[in-house]
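Everything on this sheet refers to the single structure shown next.
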Amino acid sequence: MDLLKDIRSKVRLTEHTVQNVTSTDFPGTYIGFDDTWSQEKFEEKFQVDIVSLSGCDMEFDMVGIDAAIANAIRRILLAEVPTVAIETVHIWNNTSIIQDEVLAHRLGLIPIKVDPRLFEYKQKDSVEPTSEDTIQFKVKVKCTKNNITTDVTDPDVLYKNHKVYTKDMEWVPLPGQDHLKCKNIRPVHEDILIASMRQGHELDLELFCVKGIGKDHAKFSPVATASYRLLPELRLLREFHGEQAEKLQKCFSPGVIELTEAPDGTKVAKVMNARMDTCSRNVFRHDDLKDGVSLSRVRDHFIFSVESTGILPPDVLVSEAIKILMGKCQKFLQELDDVAASTAKQKKGKKL
């Protein structure tokens with residue numbers, strides 16, 4: 001029974017293979033286990049714990065779900081949570097060394113600090129920008145030479161405005177966007193370099209931002225990274241003392257194995273924090289250590305790491321991803337009901 005529980009709940013790491021990778025918690029797979037799905041059992045087991053949260057980074061645990069659900073949340077974070085990015089660039093003057101198309105591409109990848117939930121998607125047949133679907137910026141910078149009499153070569157001293165940064169992007173409210181002035185619409189970072197210029201070079205641009213999703217273009221993706229891993233589990237099957245304990249500690253990431261002092265003064269290894277392990281399996285390279293260690297991962301315990309680009313906080317992004325997933329499920333259920341209703345109607349028509 002204990003072996004079955006391990007097979008069902010853990011992924012086992014051996015020297016050369018990874019075992020129990022397939023989910024088996026389906027009805028009828030094992031005798032003596034009730035694997036029928038119910039909302040009550042799911043709510044009892046499911047939990048979300050936020051481990052760390054900062055301005056752009058978030059790590060949280062999601063327990064009690066299948067890998068398919070975890071991967072769906074990850075993919076939605078990457079490709080289906082909408083943001084606002086530069087879509088169209090009107091270049092009225094560009095005498096810098098950067099080609100127009102390269103400059104437009106660089107501008108498109110600049111993250112814009114604005115809540116996309118305040119805007120609508122721009123319709124494909126729409127030509128003119130509106131206050132509901134477009135944000136406009138302008139960039140007008142000209143490089144001039146400073147009056148320097150000394151013999152210097154540093155461009156920071158020789159020239160004025162020789163570097164164009166995102167801080168030079170000025171938001172131009174469209175008619176009907178006066179209520180957005182308190183939102184401080186701007187690029188996420190003010191020190192992103194757009195172009196380098198020399199005396200006489202000039203940029204005169206109009207930038208138009210629209211709402212979109214990462215599935216259409218990577219510039220709309222709201223995250224820099226969104227990943228998950230299974231919770232590592234490390235068990236010591238025997239005691240490790242002295243040099244063996246120190247050797248064992250070096251086989252794992254810092255903080256996983258701790259050395260304590262026994263009453264006789266020797267060092268003894270114990271598991272401190274298995275969560276920090278990267279599961280590199282280096283310990284299996286040593287014949288004198290590998291028989292005393294058991295490595296596994298908890299199958300339904302996912303450690304998520306989300307790094308936002310700064311457009312929205314990571315906790316808001318996760319909430320929006322879950323809402324999108326719920327919407328997909330509701331749409332699927334509605335389609336099933338429609339198909340069932342259509343089938344029943346056809347059968348009734350045949351009987352008549």
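Going through the structure tokens in order, the chains are called A, B, and so on, while each chain numbers its residues from 1 and the ligands are numbered from 1 in the order shown.
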Can you pull out every residue within 10 Å of A:Ile98, counting only C-alpha atoms, but drop anything in the same chain fewer than 2 positions away, and send it as a ChimeraX atom specification? /A:94-96,100-104,194-197
Mind checking which residues fall within 10 Å of A:Glu87, counting only C-alpha atoms, ignoring those fewer than 2 positions away in the same chain, and posting them as a JSON list (two decimals) with all heavy atoms, in the first residue's frame?
```json
[["chain", "number", "residue", "atom", "x", "y", "z"],
["A", 84, "VAL", "N", -0.64, 46.31, -23.23],
["A", 84, "VAL", "CA", -0.62, 47.37, -24.24],
["A", 84, "VAL", "C", 0.82, 47.56, -24.70],
["A", 84, "VAL", "O", 1.73, 47.67, -23.88],
["A", 84, "VAL", "CB", -1.19, 48.68, -23.68],
["A", 84, "VAL", "CG1", -1.00, 49.82, -24.67],
["A", 84, "VAL", "CG2", -2.68, 48.52, -23.35],
["A", 85, "ALA", "N", 1.04, 47.58, -26.02],
["A", 85, "ALA", "CA", 2.38, 47.78, -26.57],
["A", 85, "ALA", "C", 2.29, 48.62, -27.83],
["A", 85, "ALA", "O", 1.22, 48.78, -28.43],
["A", 85, "ALA", "CB", 3.04, 46.43, -26.88],
["A", 89, "VAL", "N", 4.26, 53.01, -35.71],
["A", 89, "VAL", "CA", 5.20, 54.13, -35.53],
["A", 89, "VAL", "C", 5.15, 55.01, -36.78],
["A", 89, "VAL", "O", 5.39, 54.52, -37.89],
["A", 89, "VAL", "CB", 6.64, 53.63, -35.28],
["A", 89, "VAL", "CG1", 7.57, 54.82, -35.10],
["A", 89, "VAL", "CG2", 6.70, 52.71, -34.08],
["A", 104, "ALA", "N", 11.63, 50.93, -35.32],
["A", 104, "ALA", "CA", 10.24, 50.59, -35.00],
["A", 104, "ALA", "C", 10.16, 49.29, -34.20],
["A", 104, "ALA", "O", 9.36, 49.16, -33.26],
["A", 104, "ALA", "CB", 9.42, 50.47, -36.28],
["A", 105, "HIS", "N", 11.01, 48.31, -34.55],
["A", 105, "HIS", "CA", 11.02, 47.05, -33.82],
["A", 105, "HIS", "C", 11.48, 47.25, -32.38],
["A", 105, "HIS", "O", 10.91, 46.67, -31.45],
["A", 105, "HIS", "CB", 11.94, 46.06, -34.54],
["A", 105, "HIS", "CG", 11.98, 44.70, -33.90],
["A", 105, "HIS", "ND1", 12.94, 44.34, -32.98],
["A", 105, "HIS", "CD2", 11.16, 43.63, -34.04],
["A", 105, "HIS", "CE1", 12.72, 43.10, -32.58],
["A", 105, "HIS", "NE2", 11.65, 42.64, -33.21],
["A", 107, "LEU", "N", 11.22, 49.94, -30.59],
["A", 107, "LEU", "CA", 10.17, 50.66, -29.87],
["A", 107, "LEU", "C", 9.02, 49.72, -29.49],
["A", 107, "LEU", "O", 8.45, 49.84, -28.40],
["A", 107, "LEU", "CB", 9.63, 51.80, -30.73],
["A", 107, "LEU", "CG", 10.59, 52.98, -30.96],
["A", 107, "LEU", "CD1", 10.10, 53.87, -32.08],
["A", 107, "LEU", "CD2", 10.75, 53.79, -29.67],
["A", 108, "GLY", "N", 8.71, 48.77, -30.34],
["A", 108, "GLY", "CA", 7.62, 47.85, -30.06],
["A", 108, "GLY", "C", 7.86, 46.98, -28.85],
["A", 108, "GLY", "O", 6.91, 46.53, -28.19],
["A", 109, "LEU", "N", 9.11, 46.73, -28.51],
["A", 109, "LEU", "CA", 9.44, 45.85, -27.38],
["A", 109, "LEU", "C", 9.53, 46.60, -26.05],
["A", 109, "LEU", "O", 9.81, 45.98, -25.02],
["A", 109, "LEU", "CB", 10.77, 45.13, -27.66],
["A", 109, "LEU", "CG", 10.76, 44.18, -28.87],
["A", 109, "LEU", "CD1", 12.15, 43.62, -29.11],
["A", 109, "LEU", "CD2", 9.76, 43.06, -28.66],
["A", 134, "THR", "N", -6.57, 53.13, -28.14],
["A", 134, "THR", "CA", -5.24, 53.57, -28.54],
["A", 134, "THR", "C", -4.64, 54.53, -27.52],
["A", 134, "THR", "O", -5.35, 55.35, -26.93],
["A", 134, "THR", "CB", -5.27, 54.26, -29.92],
["A", 134, "THR", "OG1", -5.86, 53.38, -30.87],
["A", 134, "THR", "CG2", -3.87, 54.64, -30.39],
["A", 207, "LEU", "N", 4.06, 57.50, -31.78],
["A", 207, "LEU", "CA", 3.92, 56.09, -31.43],
["A", 207, "LEU", "C", 2.48, 55.81, -31.02],
["A", 207, "LEU", "O", 1.91, 56.54, -30.20],
["A", 207, "LEU", "CB", 4.88, 55.72, -30.28],
["A", 207, "LEU", "CG", 6.29, 56.34, -30.33],
["A", 207, "LEU", "CD1", 7.05, 56.01, -29.07],
["A", 207, "LEU", "CD2", 7.03, 55.85, -31.56],
["A", 208, "PHE", "N", 1.91, 54.74, -31.56],
["A", 208, "PHE", "CA", 0.53, 54.38, -31.26],
["A", 208, "PHE", "C", 0.50, 52.98, -30.64],
["A", 208, "PHE", "O", 0.97, 52.01, -31.24],
["A", 208, "PHE", "CB", -0.32, 54.42, -32.54],
["A", 208, "PHE", "CG", -0.40, 55.79, -33.15],
["A", 208, "PHE", "CD1", 0.54, 56.21, -34.09],
["A", 208, "PHE", "CD2", -1.40, 56.68, -32.78],
["A", 208, "PHE", "CE1", 0.47, 57.47, -34.66],
["A", 208, "PHE", "CE2", -1.47, 57.95, -33.33],
["A", 208, "PHE", "CZ", -0.53, 58.35, -34.28],
["A", 209, "CYS", "N", -0.02, 52.92, -29.41],
["A", 209, "CYS", "CA", -0.07, 51.67, -28.66],
["A", 209, "CYS", "C", -1.49, 51.09, -28.69],
["A", 209, "CYS", "O", -2.47, 51.83, -28.57],
["A", 209, "CYS", "CB", 0.35, 51.89, -27.21],
["A", 209, "CYS", "SG", 1.88, 52.80, -27.02],
["A", 210, "VAL", "N", -1.58, 49.77, -28.81],
["A", 210, "VAL", "CA", -2.87, 49.09, -28.79],
["A", 210, "VAL", "C", -2.80, 47.90, -27.84],
["A", 210, "VAL", "O", -1.71, 47.48, -27.42],
["A", 210, "VAL", "CB", -3.29, 48.62, -30.19],
["A", 210, "VAL", "CG1", -3.42, 49.80, -31.14],
["A", 210, "VAL", "CG2", -2.31, 47.59, -30.75],
["A", 211, "LYS", "N", -3.95, 47.34, -27.57],
["A", 211, "LYS", "CA", -4.07, 46.19, -26.67],
["A", 211, "LYS", "C", -3.92, 44.90, -27.48],
["A", 211, "LYS", "O", -4.46, 44.78, -28.58],
["A", 211, "LYS", "CB", -5.42, 46.23, -25.97],
["A", 211, "LYS", "CG", -5.67, 45.14, -24.94],
["A", 211, "LYS", "CD", -7.01, 45.38, -24.27],
["A", 211, "LYS", "CE", -7.34, 44.30, -23.24],
["A", 211, "LYS", "NZ", -8.63, 44.56, -22.57],
["A", 212, "GLY", "N", -3.16, 43.94, -26.93],
["A", 212, "GLY", "CA", -2.97, 42.67, -27.63],
["A", 212, "GLY", "C", -2.51, 41.59, -26.68],
["A", 212, "GLY", "O", -2.33, 41.82, -25.47],
["A", 219, "LYS", "N", 5.75, 40.89, -28.00],
["A", 219, "LYS", "CA", 5.83, 42.18, -27.30],
["A", 219, "LYS", "C", 4.65, 42.40, -26.36],
["A", 219, "LYS", "O", 4.72, 43.21, -25.44],
["A", 219, "LYS", "CB", 5.88, 43.33, -28.32],
["A", 219, "LYS", "CG", 4.62, 43.51, -29.14],
["A", 219, "LYS", "CD", 4.80, 44.58, -30.19],
["A", 219, "LYS", "CE", 3.55, 44.72, -31.07],
["A", 219, "LYS", "NZ", 3.74, 45.69, -32.16],
["A", 220, "PHE", "N", 3.55, 41.67, -26.57],
["A", 220, "PHE", "CA", 2.38, 41.80, -25.70],
["A", 220, "PHE", "C", 2.45, 40.87, -24.48],
["A", 220, "PHE", "O", 1.57, 40.94, -23.63],
["A", 220, "PHE", "CB", 1.10, 41.49, -26.48],
["A", 220, "PHE", "CG", 0.76, 42.51, -27.53],
["A", 220, "PHE", "CD1", 0.82, 42.20, -28.87],
["A", 220, "PHE", "CD2", 0.37, 43.78, -27.16],
["A", 220, "PHE", "CE1", 0.50, 43.13, -29.84],
["A", 220, "PHE", "CE2", 0.05, 44.73, -28.13],
["A", 220, "PHE", "CZ", 0.12, 44.40, -29.46]]
```
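The residue that comes closest to A:Val127, out of A:Gln99, A:Thr88, A:Asn146, A:Asn184 and on the basis of only C-alpha atoms, is A:Thr88.
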Which is closer to A:Pro254 than all the others in A:Val268, A:Val339, A:His16, A:Arg275, using only C-alpha atoms? A:Arg275
Return as a PyMOL selection string the full set of residues in stretch 121-239 of chain A whose backbone-based DSSP assignment is strand (DSSP E or B). chain A and resi 135-142+144-145+159-160+163-165+170-172+186-187+193-196+202-212+223-236
Closest contacts (stretch 19-125 of chain A/stretch 322-328 of chain A, max 9 Å, only C-alpha atoms) as JSON lines:
```
{"residue": "A:Ala72", "atom": "CA", "partner": "A:Leu325", "partner_atom": "CA", "distance": 7.6}
{"residue": "A:Ile73", "atom": "CA", "partner": "A:Ile322", "partner_atom": "CA", "distance": 6.6}
{"residue": "A:Ile76", "atom": "CA", "partner": "A:Ile324", "partner_atom": "CA", "distance": 7.6}
{"residue": "A:Glu80", "atom": "CA", "partner": "A:Ile324", "partner_atom": "CA", "distance": 7.9}
{"residue": "A:Val81", "atom": "CA", "partner": "A:Ile324", "partner_atom": "CA", "distance": 7.7}
```
What does the distance from atom CA of A:Cys56 to atom CA of A:Pro222 come to in Å, to one decimal?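 Separating atom CA of A:Cys56 from atom CA of A:Pro222 is a distance of 10.7 Å.
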A:Asp204 proximity check over A:Ser342, A:Asn93, A:Ser280, A:Ser9, using only C-alpha atoms: winner is A:Asn93
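In this model, the gap between atom CA of A:Gln177 and atom CA of A:Glu132 comes to 8.3 Å.
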I want to know what sits within 12 Å of stretch 259-262 of chain A, based on only C-alpha atoms, with residues of the same chain fewer than 5 positions away left out; could you give that as a ChimeraX atom specification? /A:239-250,254,267-272
Print the selection's residues with all heavy atoms to a file, as a short mmCIF file (atom, residue, chain, number, x, y, z; two decimals), in the first residue's frame.
```
data_model
loop_
_atom_site.label_atom_id
_atom_site.label_comp_id
_atom_site.auth_asym_id
_atom_site.auth_seq_id
_atom_site.Cartn_x
_atom_site.Cartn_y
_atom_site.Cartn_z
N GLU A 239 22.66 7.40 8.08
CA GLU A 239 23.37 8.57 8.59
C GLU A 239 24.71 8.73 7.86
O GLU A 239 25.36 7.76 7.49
CB GLU A 239 23.62 8.42 10.11
CG GLU A 239 22.36 8.55 10.95
CD GLU A 239 22.68 8.62 12.44
OE1 GLU A 239 23.87 8.39 12.80
OE2 GLU A 239 21.78 8.92 13.22
N PHE A 240 25.07 10.00 7.69
CA PHE A 240 26.35 10.33 7.05
C PHE A 240 27.17 11.14 8.06
O PHE A 240 26.69 12.16 8.56
CB PHE A 240 26.13 11.14 5.78
CG PHE A 240 25.44 10.38 4.68
CD1 PHE A 240 24.05 10.34 4.61
CD2 PHE A 240 26.19 9.69 3.74
CE1 PHE A 240 23.42 9.63 3.60
CE2 PHE A 240 25.56 8.99 2.72
CZ PHE A 240 24.18 8.95 2.65
N HIS A 241 28.40 10.70 8.31
CA HIS A 241 29.26 11.34 9.31
C HIS A 241 30.57 11.80 8.68
O HIS A 241 31.00 11.28 7.65
CB HIS A 241 29.58 10.37 10.46
CG HIS A 241 28.36 9.89 11.21
ND1 HIS A 241 27.86 10.55 12.30
CD2 HIS A 241 27.56 8.82 10.99
CE1 HIS A 241 26.80 9.90 12.75
NE2 HIS A 241 26.59 8.84 11.97
N GLY A 242 31.17 12.80 9.31
CA GLY A 242 32.51 13.24 8.96
C GLY A 242 32.67 13.67 7.52
O GLY A 242 31.90 14.49 7.00
N GLU A 243 33.68 13.12 6.85
CA GLU A 243 34.00 13.52 5.48
C GLU A 243 32.85 13.17 4.53
O GLU A 243 32.58 13.90 3.56
CB GLU A 243 35.29 12.84 5.02
CG GLU A 243 36.53 13.33 5.75
CD GLU A 243 37.80 12.67 5.21
OE1 GLU A 243 37.68 11.84 4.29
OE2 GLU A 243 38.90 13.00 5.70
N GLN A 244 32.17 12.06 4.80
CA GLN A 244 31.03 11.68 3.96
C GLN A 244 29.92 12.72 4.05
O GLN A 244 29.27 13.03 3.05
CB GLN A 244 30.50 10.30 4.37
CG GLN A 244 31.07 9.15 3.56
CD GLN A 244 30.20 7.91 3.63
OE1 GLN A 244 29.33 7.77 4.48
NE2 GLN A 244 30.43 7.00 2.70
N ALA A 245 29.69 13.26 5.24
CA ALA A 245 28.66 14.28 5.41
C ALA A 245 29.01 15.54 4.62
O ALA A 245 28.14 16.15 3.97
CB ALA A 245 28.49 14.59 6.90
N GLU A 246 30.28 15.95 4.68
CA GLU A 246 30.71 17.13 3.93
C GLU A 246 30.62 16.89 2.43
O GLU A 246 30.22 17.78 1.66
CB GLU A 246 32.16 17.49 4.32
CG GLU A 246 32.29 17.93 5.78
CD GLU A 246 33.73 18.24 6.13
OE1 GLU A 246 34.60 18.08 5.24
OE2 GLU A 246 33.99 18.64 7.28
N LYS A 247 30.97 15.68 2.01
CA LYS A 247 30.88 15.32 0.60
C LYS A 247 29.43 15.34 0.12
O LYS A 247 29.12 15.80 -0.97
CB LYS A 247 31.50 13.94 0.39
CG LYS A 247 31.65 13.52 -1.07
CD LYS A 247 32.36 12.17 -1.12
CE LYS A 247 32.53 11.69 -2.56
NZ LYS A 247 33.20 10.36 -2.62
N LEU A 248 28.53 14.84 0.96
CA LEU A 248 27.10 14.82 0.64
C LEU A 248 26.56 16.24 0.51
O LEU A 248 25.77 16.54 -0.40
CB LEU A 248 26.33 14.06 1.71
CG LEU A 248 24.81 13.97 1.51
CD1 LEU A 248 24.48 13.06 0.34
CD2 LEU A 248 24.12 13.47 2.78
N GLN A 249 26.99 17.12 1.38
CA GLN A 249 26.52 18.51 1.36
C GLN A 249 26.88 19.19 0.03
O GLN A 249 26.09 19.96 -0.52
CB GLN A 249 27.11 19.29 2.53
CG GLN A 249 26.57 20.71 2.65
CD GLN A 249 27.26 21.48 3.77
OE1 GLN A 249 28.48 21.41 3.92
NE2 GLN A 249 26.47 22.19 4.56
N LYS A 250 28.06 18.88 -0.49
CA LYS A 250 28.53 19.50 -1.73
C LYS A 250 27.78 18.97 -2.96
O LYS A 250 27.85 19.56 -4.04
CB LYS A 250 30.02 19.28 -1.91
CG LYS A 250 30.88 19.98 -0.85
CD LYS A 250 32.36 19.67 -1.03
CE LYS A 250 33.20 20.36 0.03
NZ LYS A 250 34.65 20.02 -0.11
N PRO A 254 23.21 24.93 -2.23
CA PRO A 254 23.41 25.50 -0.89
C PRO A 254 22.09 25.60 -0.14
O PRO A 254 21.07 26.03 -0.68
CB PRO A 254 23.99 26.89 -1.19
CG PRO A 254 24.63 26.75 -2.53
CD PRO A 254 23.79 25.78 -3.29
N LYS A 267 30.76 15.57 12.49
CA LYS A 267 29.71 16.26 11.75
C LYS A 267 28.72 15.26 11.19
O LYS A 267 29.11 14.23 10.64
CB LYS A 267 30.31 17.09 10.62
CG LYS A 267 31.17 18.26 11.11
CD LYS A 267 31.73 19.06 9.96
CE LYS A 267 32.56 20.24 10.46
NZ LYS A 267 33.14 21.02 9.33
N VAL A 268 27.44 15.58 11.34
CA VAL A 268 26.37 14.71 10.85
C VAL A 268 25.52 15.50 9.86
O VAL A 268 25.16 16.66 10.12
CB VAL A 268 25.50 14.19 12.01
CG1 VAL A 268 24.39 13.28 11.48
CG2 VAL A 268 26.35 13.45 13.03
N ALA A 269 25.18 14.86 8.73
CA ALA A 269 24.38 15.53 7.70
C ALA A 269 22.89 15.30 7.97
O ALA A 269 22.47 14.22 8.35
CB ALA A 269 24.75 15.00 6.33
N LYS A 270 22.11 16.36 7.76
CA LYS A 270 20.65 16.23 7.84
C LYS A 270 20.03 17.16 6.79
O LYS A 270 20.63 18.16 6.37
CB LYS A 270 20.13 16.56 9.23
CG LYS A 270 20.19 18.03 9.59
CD LYS A 270 19.47 18.28 10.91
CE LYS A 270 19.41 19.77 11.24
NZ LYS A 270 18.66 20.03 12.48
N VAL A 271 18.81 16.82 6.37
CA VAL A 271 18.12 17.62 5.37
C VAL A 271 17.60 18.90 6.01
O VAL A 271 16.85 18.86 6.97
CB VAL A 271 16.95 16.83 4.74
CG1 VAL A 271 16.22 17.69 3.72
CG2 VAL A 271 17.46 15.54 4.11
N MET A 272 18.02 20.04 5.46
CA MET A 272 17.63 21.33 5.99
C MET A 272 16.42 21.90 5.23
O MET A 272 15.41 22.25 5.82
CB MET A 272 18.81 22.32 5.91
CG MET A 272 18.50 23.69 6.46
SD MET A 272 18.18 23.65 8.24
CE MET A 272 17.92 25.40 8.57
#
```
Which residues come within 8 Å of stretch 155-169 of chain A, counting only C-alpha atoms, excluding same-chain residues fewer than 4 positions away, as a PyMOL selection string? chain A and resi 137-148+186-187+189-199
Work out how far apart atom CA of A:Phe46 and atom CA of A:Leu231 are and give it in Å to one decimal. 15.1 Å
Using only C-alpha atoms, which protein or nucleic acid residues come within 8 Å of A:Ser227? Drop anything in the same chain fewer than 2 positions from it, and give the result as a ChimeraX atom specification. /A:74,225,229,304-306
Which is closer to A:Leu312 than all the others in A:Thr36, A:Thr150, A:Ser131, A:Ala224, using only C-alpha atoms? A:Ala224
Name the closest residue to A:Leu203 among the candidates A:Pro232, A:Asp154, A:Ile97, A:Arg75; distances are taken between atoms, counting only C-alpha atoms.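 Of all the options, A:Ile97 lies closest to A:Leu203.
Shortest separation to A:Phe302 among A:Met58, A:Val48, A:Val63, A:Leu53 occurs at residue A:Val63, atoms counted being only C-alpha atoms.
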